[in-house]
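> Okay, handing you the structure first.
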Amino acid sequence: MAKPKLVVIAGPTASGKSDLALDLCEAIGGEIISADSMQIYRGMDIGTAKTPPGDRRGIPHHMIDVADPRCPFSVAMYQTSARAAVCEILSRGKTPVVAGGTGLYIDALLYPMDFGRVTGDPTARARWETYLAEKGAGALHGELARIDAESARRLHANDTRRVIRALEVAERGDGGLSETRIDYRAASLYNCAYFVLDRPREELYALIRERVRRMMASGLLTEVQALLGAGVAPGAQSMQGLGYKELCAHILHGERLDACVELIQQRTRNYAKRQLTYFRRENAAMWLSAGSSGDTQAASPPVFEKLLTILHAKSFIS
RNA sequence: GCCUGGGUAGCUCAGUCGGUAGAGCAGUAGACUGAAAAUCUACGUGUCGGUGGUUCAAUUCCGCCCCUAGGCA
């Protein structure tokens, strides 16, 4: 049985993924599956740059607005729902087009990653958190070394977040994280065409500056206030999103607004860089370079042609 | 005009009781299996404002000059 065809459009924030994906969906009869850890949440529209419903050109979008910003969400949940969405789209005879910048989510969808049965447990987490505060990162890492030596070797002692996760899994006697690890990238579940949309650094950074400016002009501050008003805790996972945590600092702690906006721009640049690092190791990825031609606007004309050519060559389309 | 702080890495600053200097942030590269827009790792030569002097040796002490913040006029 042949693997189902699926297209991935990845890339750093503000690179123009969403528009490109929409163009593609129109051309080949596709539906969009968002791979974005923040667009998941309802009520977080401006700061996550969701394509407004009015601009979706009648193309169905999946994995957007599927979670409550007051509750935690996880890759594992994403994996389950996104795969269901793929099946649904395929059953309609359409092509799934995965678009987004969260590399881990894309991987979770595409590859046979096994997140195990151990759910993130707030109680255990809090317990280790306390342990960390009292005894330090070294001791925490030592605990892990005792029950799951291999994970301990893999993880840097300062990466306490991962160390705590490994401890959670290990102490539930599931064999530990290390036993479920495989070289997942070797075996995609789909016949996929994986694209990374790329542009010259300076141009990308300029687009980011501009996008943040536009978000502020469109009422990002009001959006954050509304979320806080609706009972989203400032420490909630959703509030760790870029733009949200910085504006919380302004609203709750009186940080200067212009300083916060600059911080958002800077951290978004940092983020874009990390995204590129992540995608670089995706062996299957085909890089599409856009821009640098002077027009900051549309990546679409030239890049879109390239995209279609490749899809033809892979006989995704006839 | 006078007085007092400052002028050191792209930015904020530490430091050298005289032996040519180092943190944070930024930046770059990397990692990443239920928090991933998160979390973590590695990478630090710059006329130490200019110019004279003292000294074996000055970014460090002294003189003058320039710039800057504040105070007094």
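Numbering starts fresh at 1 for the residues of each chain in the structure tokens, the chains themselves are lettered A, B, ... in the order given, and ligands are numbered from 1 as they appear.
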Quick one: everything within 12 Å of G70 in chain B, counting only C-alpha atoms (C1' of nucleotides), minus sequence neighbours fewer than 4 positions away in the same chain. Send it as a PyMOL selection string.
chain B and resi 3-6
> Given a cut-off of 10 Å, which residues of chain B touch chain A, counting only C-alpha atoms (C1' of nucleotides), written out as JSON, numbers by chain?
{"B": [26, 27, 28, 29, 30, 31, 32, 33, 34, 35, 36, 37, 38, 39, 40, 41]}
> Using the chain letters and numbers from this document, which residues of range 150-203 of chain A does DSSP assign to strand (DSSP E or B), as a list in words?
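For range 150-203 of chain A, the strand (DSSP E or B) set is Asn191, Cys192, Ala193, Tyr194, Phe195, Val196, Leu197 and Asp198 of chain A.
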> Any chance you can output those residues with C-alpha atoms as a PDB file, in the first residue's frame?

```pdb
ATOM      1  CA  ASN A 191       5.051  10.224   1.076  1.00  0.00           C
ATOM      2  CA  CYS A 192       5.922  13.770   1.815  1.00  0.00           C
ATOM      3  CA  ALA A 193       7.273  16.767   0.031  1.00  0.00           C
ATOM      4  CA  TYR A 194       8.898  18.819   2.776  1.00  0.00           C
ATOM      5  CA  PHE A 195       9.673  22.434   1.946  1.00  0.00           C
ATOM      6  CA  VAL A 196      11.391  25.061   4.042  1.00  0.00           C
ATOM      7  CA  LEU A 197      10.675  28.614   3.010  1.00  0.00           C
ATOM      8  CA  ASP A 198      13.766  30.686   3.483  1.00  0.00           C
TER       9      ASP A 198
END
```
> Point out the residue among A:Pro52, A:Leu6, A:Gly30, A:Asp258 with the least atom-to-atom distance to Arg213 in chain A, counting only C-alpha atoms.
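Comparing A:Pro52, A:Leu6, A:Gly30, A:Asp258 against Arg213 in chain A, the winner is A:Asp258.
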> What is the distance, in Å and to one decimal place, between C1' of G46 in chain B and C1' of U8 in chain B?
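Value for the C1' of G46 in chain B-C1' of U8 in chain B distance: 8.0 Å.
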